[in-house]
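Coordinates as given in query_14.cif (mmCIF, N, CA and C atoms):
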data_my_file
loop_
_atom_site.label_atom_id
_atom_site.label_comp_id
_atom_site.auth_asym_id
_atom_site.auth_seq_id
_atom_site.Cartn_x
_atom_site.Cartn_y
_atom_site.Cartn_z
N MET A 1 0.84 -1.17 0.00
CA MET A 1 0.00 0.00 0.00
C MET A 1 0.88 1.23 0.00
N GLN A 2 0.45 2.27 -0.70
CA GLN A 2 1.22 3.49 -0.82
C GLN A 2 1.20 4.27 0.49
N GLN A 3 2.34 4.81 0.89
CA GLN A 3 2.46 5.58 2.11
C GLN A 3 2.07 7.02 1.81
N HIS A 4 1.16 7.58 2.61
CA HIS A 4 0.73 8.96 2.47
C HIS A 4 1.02 9.71 3.76
N GLN A 5 1.13 11.02 3.65
CA GLN A 5 1.35 11.85 4.83
C GLN A 5 0.16 12.77 5.03
N LEU A 6 -0.01 13.22 6.27
CA LEU A 6 -1.06 14.17 6.58
C LEU A 6 -0.78 15.48 5.85
N MET A 7 -1.83 16.22 5.54
CA MET A 7 -1.69 17.47 4.79
C MET A 7 -2.33 18.62 5.55
N THR A 8 -1.84 19.81 5.27
CA THR A 8 -2.45 21.01 5.81
C THR A 8 -3.72 21.31 5.00
N LEU A 9 -4.56 22.16 5.55
CA LEU A 9 -5.76 22.57 4.83
C LEU A 9 -5.40 23.25 3.51
N ASP A 10 -4.36 24.08 3.50
CA ASP A 10 -3.93 24.74 2.27
C ASP A 10 -3.50 23.73 1.20
N GLU A 11 -2.81 22.68 1.62
CA GLU A 11 -2.40 21.64 0.67
C GLU A 11 -3.62 20.92 0.10
N LYS A 12 -4.60 20.62 0.96
CA LYS A 12 -5.82 19.96 0.51
C LYS A 12 -6.58 20.83 -0.48
N LEU A 13 -6.68 22.12 -0.18
CA LEU A 13 -7.39 23.04 -1.07
C LEU A 13 -6.68 23.17 -2.42
N ALA A 14 -5.35 23.22 -2.41
CA ALA A 14 -4.60 23.32 -3.66
C ALA A 14 -4.84 22.10 -4.54
N ILE A 15 -4.88 20.93 -3.94
CA ILE A 15 -5.16 19.71 -4.71
C ILE A 15 -6.58 19.74 -5.24
N GLY A 16 -7.51 20.17 -4.40
CA GLY A 16 -8.90 20.28 -4.85
C GLY A 16 -9.06 21.22 -6.02
N MET A 17 -8.35 22.35 -5.99
CA MET A 17 -8.41 23.31 -7.11
C MET A 17 -7.82 22.71 -8.38
N LYS A 18 -6.72 22.00 -8.25
CA LYS A 18 -6.10 21.36 -9.43
C LYS A 18 -7.04 20.31 -10.02
N ALA A 19 -7.70 19.52 -9.15
CA ALA A 19 -8.66 18.53 -9.62
C ALA A 19 -9.82 19.20 -10.33
N HIS A 20 -10.29 20.32 -9.79
CA HIS A 20 -11.39 21.06 -10.42
C HIS A 20 -10.98 21.58 -11.80
N GLU A 21 -9.76 22.09 -11.91
CA GLU A 21 -9.26 22.58 -13.20
C GLU A 21 -9.22 21.46 -14.23
N LEU A 22 -8.74 20.28 -13.81
CA LEU A 22 -8.69 19.16 -14.74
C LEU A 22 -10.09 18.73 -15.17
N LYS A 23 -11.01 18.70 -14.23
CA LYS A 23 -12.38 18.32 -14.56
C LYS A 23 -12.99 19.31 -15.54
N GLU A 24 -12.79 20.60 -15.29
CA GLU A 24 -13.31 21.63 -16.19
C GLU A 24 -12.70 21.50 -17.58
N ALA A 25 -11.47 21.02 -17.67
CA ALA A 25 -10.79 20.85 -18.95
C ALA A 25 -11.19 19.54 -19.62
N GLY A 26 -12.06 18.75 -18.96
CA GLY A 26 -12.54 17.51 -19.55
C GLY A 26 -11.74 16.28 -19.18
N ASP A 27 -10.79 16.41 -18.28
CA ASP A 27 -9.96 15.28 -17.87
C ASP A 27 -10.52 14.68 -16.57
N GLU A 28 -11.61 13.94 -16.69
CA GLU A 28 -12.26 13.34 -15.53
C GLU A 28 -11.34 12.35 -14.81
N GLU A 29 -10.62 11.56 -15.58
CA GLU A 29 -9.72 10.56 -14.99
C GLU A 29 -8.59 11.23 -14.21
N GLY A 30 -8.01 12.25 -14.79
CA GLY A 30 -6.94 12.97 -14.10
C GLY A 30 -7.44 13.66 -12.85
N ALA A 31 -8.63 14.25 -12.93
CA ALA A 31 -9.22 14.91 -11.77
C ALA A 31 -9.47 13.90 -10.65
N SER A 32 -9.98 12.75 -10.99
CA SER A 32 -10.25 11.72 -10.00
C SER A 32 -8.96 11.24 -9.34
N ARG A 33 -7.94 11.03 -10.15
CA ARG A 33 -6.65 10.55 -9.64
C ARG A 33 -6.04 11.58 -8.67
N ILE A 34 -6.08 12.84 -9.03
CA ILE A 34 -5.51 13.88 -8.18
C ILE A 34 -6.34 14.05 -6.92
N PHE A 35 -7.67 14.00 -7.05
CA PHE A 35 -8.54 14.17 -5.90
C PHE A 35 -8.28 13.10 -4.84
N ARG A 36 -7.92 11.90 -5.28
CA ARG A 36 -7.64 10.81 -4.34
C ARG A 36 -6.38 11.05 -3.52
N ALA A 37 -5.59 12.06 -3.88
CA ALA A 37 -4.41 12.41 -3.10
C ALA A 37 -4.78 13.13 -1.80
N VAL A 38 -6.00 13.68 -1.73
CA VAL A 38 -6.45 14.35 -0.51
C VAL A 38 -6.84 13.28 0.50
N PRO A 39 -6.32 13.37 1.72
CA PRO A 39 -6.66 12.36 2.72
C PRO A 39 -8.16 12.29 3.00
N ILE A 40 -8.68 11.10 3.00
CA ILE A 40 -10.08 10.88 3.36
C ILE A 40 -10.19 11.01 4.88
N PRO A 41 -11.18 11.76 5.37
CA PRO A 41 -11.37 11.79 6.82
C PRO A 41 -11.53 10.37 7.36
N SER A 42 -11.00 10.11 8.53
CA SER A 42 -10.97 8.75 9.07
C SER A 42 -12.35 8.13 9.18
N TYR A 43 -13.37 8.90 9.58
CA TYR A 43 -14.70 8.32 9.72
C TYR A 43 -15.29 7.91 8.37
N ILE A 44 -14.95 8.64 7.31
CA ILE A 44 -15.44 8.26 5.97
C ILE A 44 -14.69 7.02 5.48
N ALA A 45 -13.39 6.97 5.72
CA ALA A 45 -12.60 5.79 5.33
C ALA A 45 -13.13 4.54 6.01
N LYS A 46 -13.52 4.66 7.28
CA LYS A 46 -14.05 3.51 8.01
C LYS A 46 -15.36 3.04 7.40
N VAL A 47 -16.24 3.97 7.07
CA VAL A 47 -17.52 3.61 6.44
C VAL A 47 -17.26 2.96 5.08
N MET A 48 -16.34 3.52 4.30
CA MET A 48 -16.03 2.94 2.99
C MET A 48 -15.50 1.52 3.15
N LYS A 49 -14.63 1.30 4.15
CA LYS A 49 -14.10 -0.04 4.40
C LYS A 49 -15.25 -0.99 4.75
N ASP A 50 -16.14 -0.56 5.66
CA ASP A 50 -17.25 -1.40 6.09
C ASP A 50 -18.22 -1.71 4.96
N LYS A 51 -18.48 -0.75 4.10
CA LYS A 51 -19.48 -0.91 3.03
C LYS A 51 -18.92 -1.51 1.74
N MET A 52 -17.67 -1.14 1.39
CA MET A 52 -17.12 -1.56 0.10
C MET A 52 -15.93 -2.49 0.22
N GLY A 53 -15.38 -2.60 1.43
CA GLY A 53 -14.26 -3.51 1.65
C GLY A 53 -12.91 -2.83 1.57
N ALA A 54 -11.96 -3.43 2.25
CA ALA A 54 -10.60 -2.90 2.30
C ALA A 54 -9.96 -2.85 0.92
N ASN A 55 -10.23 -3.85 0.08
CA ASN A 55 -9.62 -3.87 -1.25
C ASN A 55 -10.04 -2.68 -2.10
N PHE A 56 -11.27 -2.21 -1.91
CA PHE A 56 -11.73 -1.02 -2.64
C PHE A 56 -10.83 0.16 -2.32
N LEU A 57 -10.50 0.33 -1.05
CA LEU A 57 -9.63 1.44 -0.65
C LEU A 57 -8.20 1.24 -1.12
N ILE A 58 -7.71 0.03 -0.97
CA ILE A 58 -6.32 -0.27 -1.36
C ILE A 58 -6.15 -0.12 -2.87
N ASN A 59 -7.01 -0.73 -3.64
CA ASN A 59 -6.89 -0.72 -5.09
C ASN A 59 -7.25 0.62 -5.70
N GLY A 60 -8.03 1.42 -4.97
CA GLY A 60 -8.45 2.72 -5.49
C GLY A 60 -7.42 3.82 -5.36
N GLY A 61 -6.36 3.56 -4.61
CA GLY A 61 -5.31 4.56 -4.47
C GLY A 61 -5.69 5.72 -3.58
N TRP A 62 -6.65 5.52 -2.69
CA TRP A 62 -7.10 6.58 -1.79
C TRP A 62 -6.01 6.92 -0.78
N ASN A 63 -5.94 8.17 -0.38
CA ASN A 63 -5.01 8.62 0.65
C ASN A 63 -5.65 8.34 2.00
N LEU A 64 -5.10 7.41 2.74
CA LEU A 64 -5.66 6.95 4.01
C LEU A 64 -4.84 7.42 5.21
N ALA A 65 -4.07 8.48 5.04
CA ALA A 65 -3.18 8.95 6.10
C ALA A 65 -3.93 9.29 7.38
N GLU A 66 -5.08 9.94 7.28
CA GLU A 66 -5.81 10.32 8.48
C GLU A 66 -6.37 9.09 9.19
N ALA A 67 -6.85 8.11 8.45
CA ALA A 67 -7.36 6.88 9.05
C ALA A 67 -6.22 6.10 9.70
N GLU A 68 -5.06 6.05 9.06
CA GLU A 68 -3.90 5.36 9.64
C GLU A 68 -3.45 6.05 10.92
N ALA A 69 -3.50 7.38 10.94
CA ALA A 69 -3.10 8.12 12.14
C ALA A 69 -4.06 7.85 13.30
N GLU A 70 -5.34 7.70 12.99
CA GLU A 70 -6.32 7.48 14.06
C GLU A 70 -6.46 6.01 14.46
N PHE A 71 -6.51 5.11 13.48
CA PHE A 71 -6.80 3.70 13.74
C PHE A 71 -5.57 2.81 13.79
N GLY A 72 -4.42 3.32 13.36
CA GLY A 72 -3.21 2.51 13.32
C GLY A 72 -2.89 2.06 11.90
N ARG A 73 -1.67 1.74 11.70
CA ARG A 73 -1.16 1.42 10.36
C ARG A 73 -1.85 0.21 9.72
N ASN A 74 -2.22 -0.78 10.50
CA ASN A 74 -2.80 -2.02 9.95
C ASN A 74 -4.31 -2.07 10.07
N TRP A 75 -4.98 -0.94 10.15
CA TRP A 75 -6.42 -0.92 10.38
C TRP A 75 -7.21 -1.60 9.28
N LEU A 76 -6.70 -1.61 8.05
CA LEU A 76 -7.43 -2.28 6.96
C LEU A 76 -7.41 -3.78 7.11
N ASP A 77 -6.44 -4.33 7.80
CA ASP A 77 -6.34 -5.78 7.99
C ASP A 77 -7.18 -6.29 9.15
N GLN A 78 -7.74 -5.40 9.94
CA GLN A 78 -8.49 -5.80 11.13
C GLN A 78 -9.95 -5.96 10.83
#

Take the structure in this file and express it as structure tokens.
Amino acid sequence: MQQHQLMTLDEKLAIGMKAHELKEAGDEEGASRIFRAVPIPSYIAKVMKDKMGANFLINGGWNLAEAEAEFGRNWLDQ
């Protein structure tokens, strides 16, 4: 699994703006890929794991840094 780091609000907003620019330019795939670099809040990551499974999160390339910080590094295996 890819290692991600926590981000500041400014970093999250900059990524969101870049994703928006790509979407407006018609690059839906690029926008989606960049948007996944923003850490998912831990409570949302937990719901996604419960509803869609750990493999969905792992294979989707989601940034799980906040969930790892709250639940521990191996939370997807539990």

Atom C of Ala69 in chain A to CA of Ala14 in chain A, distance in Å rounded to a single decimal: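 Spanning atom C of Ala69 in chain A to CA of Ala14 in chain A is a straight-line distance of 23.0 Å.
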
Long-range neighbours of Ser42 in chain A as an MDAnalysis selection string, 7 Å cut-off, all atoms listed in the file, 3 positions minimum in chain: chainID A and resid 39 45:47 66:68 70

Those of chain A in DSSP helix (DSSP H, G or I), formatted as a ChimeraX atom specification: /A:9-24,28-35,42-52,54-60,65-71,75-77

Two-atom distance - CA of Tyr43 in chain A, CA of Phe71 in chain A (Å):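 Here the two named atoms are 10.0 Å from each other.
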
Residues returned when the PyMOL selection byres (((chain A and resi 52-59 and name CA) around 10) and name CA) runs on this file, as a list in words: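 Applying the PyMOL selection byres (((chain A and resi 52-59 and name CA) around 10) and name CA) to the structure shown produces Met1, Gln2, Ala45, Lys46, Val47, Met48, Lys49, Asp50, Lys51, Gly60, Gly61, Trp62, Asn63, Leu64, Trp75, Leu76, Asp77 and Gln78 of chain A.
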
Point-to-point distance from atom N of Val38 in chain A to CA of Arg73 in chain A, Å rounded to tenths: 17.9 Å

Resolved residues for the PyMOL selection byres (((chain A and resi 35 and name CA) around 10) and name CA) as an MDAnalysis selection string: chainID A and resid 12 15:20 29:34 36:40 62:63

Kindly reconstruct range 24-35 of chain A with all heavy atoms and present the result as a PDB file, in the frame of the given file.
ATOM      1  N   GLU A  24     -12.790  20.600 -15.290  1.00  0.00           N
ATOM      2  CA  GLU A  24     -13.310  21.630 -16.190  1.00  0.00           C
ATOM      3  C   GLU A  24     -12.700  21.500 -17.580  1.00  0.00           C
ATOM      4  O   GLU A  24     -13.346  21.839 -18.577  1.00  0.00           O
ATOM      5  CB  GLU A  24     -13.028  23.023 -15.612  1.00  0.00           C
ATOM      6  CG  GLU A  24     -13.869  23.348 -14.405  1.00  0.00           C
ATOM      7  CD  GLU A  24     -15.342  23.499 -14.724  1.00  0.00           C
ATOM      8  OE1 GLU A  24     -15.681  24.253 -15.662  1.00  0.00           O
ATOM      9  OE2 GLU A  24     -16.157  22.842 -14.044  1.00  0.00           O
ATOM     10  N   ALA A  25     -11.470  21.020 -17.670  1.00  0.00           N
ATOM     11  CA  ALA A  25     -10.790  20.850 -18.950  1.00  0.00           C
ATOM     12  C   ALA A  25     -11.190  19.540 -19.620  1.00  0.00           C
ATOM     13  O   ALA A  25     -10.715  19.228 -20.712  1.00  0.00           O
ATOM     14  CB  ALA A  25      -9.279  20.898 -18.752  1.00  0.00           C
ATOM     15  N   GLY A  26     -12.060  18.750 -18.960  1.00  0.00           N
ATOM     16  CA  GLY A  26     -12.540  17.510 -19.550  1.00  0.00           C
ATOM     17  C   GLY A  26     -11.740  16.280 -19.180  1.00  0.00           C
ATOM     18  O   GLY A  26     -11.984  15.202 -19.716  1.00  0.00           O
ATOM     19  N   ASP A  27     -10.790  16.410 -18.280  1.00  0.00           N
ATOM     20  CA  ASP A  27      -9.960  15.280 -17.870  1.00  0.00           C
ATOM     21  C   ASP A  27     -10.520  14.680 -16.570  1.00  0.00           C
ATOM     22  O   ASP A  27      -9.982  14.884 -15.490  1.00  0.00           O
ATOM     23  CB  ASP A  27      -8.516  15.720 -17.683  1.00  0.00           C
ATOM     24  CG  ASP A  27      -7.567  14.571 -17.388  1.00  0.00           C
ATOM     25  OD1 ASP A  27      -8.023  13.413 -17.260  1.00  0.00           O
ATOM     26  OD2 ASP A  27      -6.352  14.834 -17.254  1.00  0.00           O
ATOM     27  N   GLU A  28     -11.610  13.940 -16.690  1.00  0.00           N
ATOM     28  CA  GLU A  28     -12.260  13.340 -15.530  1.00  0.00           C
ATOM     29  C   GLU A  28     -11.340  12.350 -14.810  1.00  0.00           C
ATOM     30  O   GLU A  28     -11.289  12.317 -13.587  1.00  0.00           O
ATOM     31  CB  GLU A  28     -13.548  12.612 -15.950  1.00  0.00           C
ATOM     32  CG  GLU A  28     -14.626  13.516 -16.487  1.00  0.00           C
ATOM     33  CD  GLU A  28     -15.394  14.230 -15.395  1.00  0.00           C
ATOM     34  OE1 GLU A  28     -15.422  13.725 -14.258  1.00  0.00           O
ATOM     35  OE2 GLU A  28     -15.952  15.297 -15.686  1.00  0.00           O
ATOM     36  N   GLU A  29     -10.620  11.560 -15.580  1.00  0.00           N
ATOM     37  CA  GLU A  29      -9.720  10.560 -14.990  1.00  0.00           C
ATOM     38  C   GLU A  29      -8.590  11.230 -14.210  1.00  0.00           C
ATOM     39  O   GLU A  29      -8.278  10.838 -13.091  1.00  0.00           O
ATOM     40  CB  GLU A  29      -9.143   9.642 -16.068  1.00  0.00           C
ATOM     41  CG  GLU A  29      -8.288   8.524 -15.510  1.00  0.00           C
ATOM     42  CD  GLU A  29      -7.772   7.597 -16.601  1.00  0.00           C
ATOM     43  OE1 GLU A  29      -8.481   7.378 -17.590  1.00  0.00           O
ATOM     44  OE2 GLU A  29      -6.644   7.101 -16.423  1.00  0.00           O
ATOM     45  N   GLY A  30      -8.010  12.250 -14.790  1.00  0.00           N
ATOM     46  CA  GLY A  30      -6.940  12.970 -14.100  1.00  0.00           C
ATOM     47  C   GLY A  30      -7.440  13.660 -12.850  1.00  0.00           C
ATOM     48  O   GLY A  30      -6.775  13.653 -11.813  1.00  0.00           O
ATOM     49  N   ALA A  31      -8.630  14.250 -12.930  1.00  0.00           N
ATOM     50  CA  ALA A  31      -9.220  14.910 -11.770  1.00  0.00           C
ATOM     51  C   ALA A  31      -9.470  13.900 -10.650  1.00  0.00           C
ATOM     52  O   ALA A  31      -9.166  14.177  -9.483  1.00  0.00           O
ATOM     53  CB  ALA A  31     -10.526  15.595 -12.165  1.00  0.00           C
ATOM     54  N   SER A  32      -9.980  12.750 -10.990  1.00  0.00           N
ATOM     55  CA  SER A  32     -10.250  11.720 -10.000  1.00  0.00           C
ATOM     56  C   SER A  32      -8.960  11.240  -9.340  1.00  0.00           C
ATOM     57  O   SER A  32      -8.888  11.081  -8.124  1.00  0.00           O
ATOM     58  CB  SER A  32     -10.984  10.547 -10.643  1.00  0.00           C
ATOM     59  OG  SER A  32     -11.199   9.521  -9.714  1.00  0.00           O
ATOM     60  N   ARG A  33      -7.940  11.030 -10.150  1.00  0.00           N
ATOM     61  CA  ARG A  33      -6.650  10.550  -9.640  1.00  0.00           C
ATOM     62  C   ARG A  33      -6.040  11.580  -8.670  1.00  0.00           C
ATOM     63  O   ARG A  33      -5.566  11.220  -7.596  1.00  0.00           O
ATOM     64  CB  ARG A  33      -5.699  10.275 -10.807  1.00  0.00           C
ATOM     65  CG  ARG A  33      -4.379   9.665 -10.402  1.00  0.00           C
ATOM     66  CD  ARG A  33      -3.472   9.363 -11.591  1.00  0.00           C
ATOM     67  NE  ARG A  33      -3.184  10.549 -12.392  1.00  0.00           N
ATOM     68  CZ  ARG A  33      -3.735  10.818 -13.582  1.00  0.00           C
ATOM     69  NH1 ARG A  33      -4.592   9.999 -14.134  1.00  0.00           N
ATOM     70  NH2 ARG A  33      -3.413  11.911 -14.237  1.00  0.00           N
ATOM     71  N   ILE A  34      -6.080  12.840  -9.030  1.00  0.00           N
ATOM     72  CA  ILE A  34      -5.510  13.880  -8.180  1.00  0.00           C
ATOM     73  C   ILE A  34      -6.340  14.050  -6.920  1.00  0.00           C
ATOM     74  O   ILE A  34      -5.816  14.220  -5.825  1.00  0.00           O
ATOM     75  CB  ILE A  34      -5.367  15.204  -8.951  1.00  0.00           C
ATOM     76  CG1 ILE A  34      -4.213  15.069  -9.935  1.00  0.00           C
ATOM     77  CG2 ILE A  34      -5.142  16.375  -8.006  1.00  0.00           C
ATOM     78  CD1 ILE A  34      -3.966  16.269 -10.783  1.00  0.00           C
ATOM     79  N   PHE A  35      -7.670  14.000  -7.050  1.00  0.00           N
ATOM     80  CA  PHE A  35      -8.540  14.170  -5.900  1.00  0.00           C
ATOM     81  C   PHE A  35      -8.280  13.100  -4.840  1.00  0.00           C
ATOM     82  O   PHE A  35      -8.371  13.355  -3.643  1.00  0.00           O
ATOM     83  CB  PHE A  35     -10.005  14.148  -6.329  1.00  0.00           C
ATOM     84  CG  PHE A  35     -10.953  14.407  -5.206  1.00  0.00           C
ATOM     85  CD1 PHE A  35     -11.063  15.664  -4.654  1.00  0.00           C
ATOM     86  CD2 PHE A  35     -11.727  13.389  -4.686  1.00  0.00           C
ATOM     87  CE1 PHE A  35     -11.924  15.909  -3.599  1.00  0.00           C
ATOM     88  CE2 PHE A  35     -12.596  13.610  -3.634  1.00  0.00           C
ATOM     89  CZ  PHE A  35     -12.689  14.884  -3.092  1.00  0.00           C
TER      90      PHE A  35
END
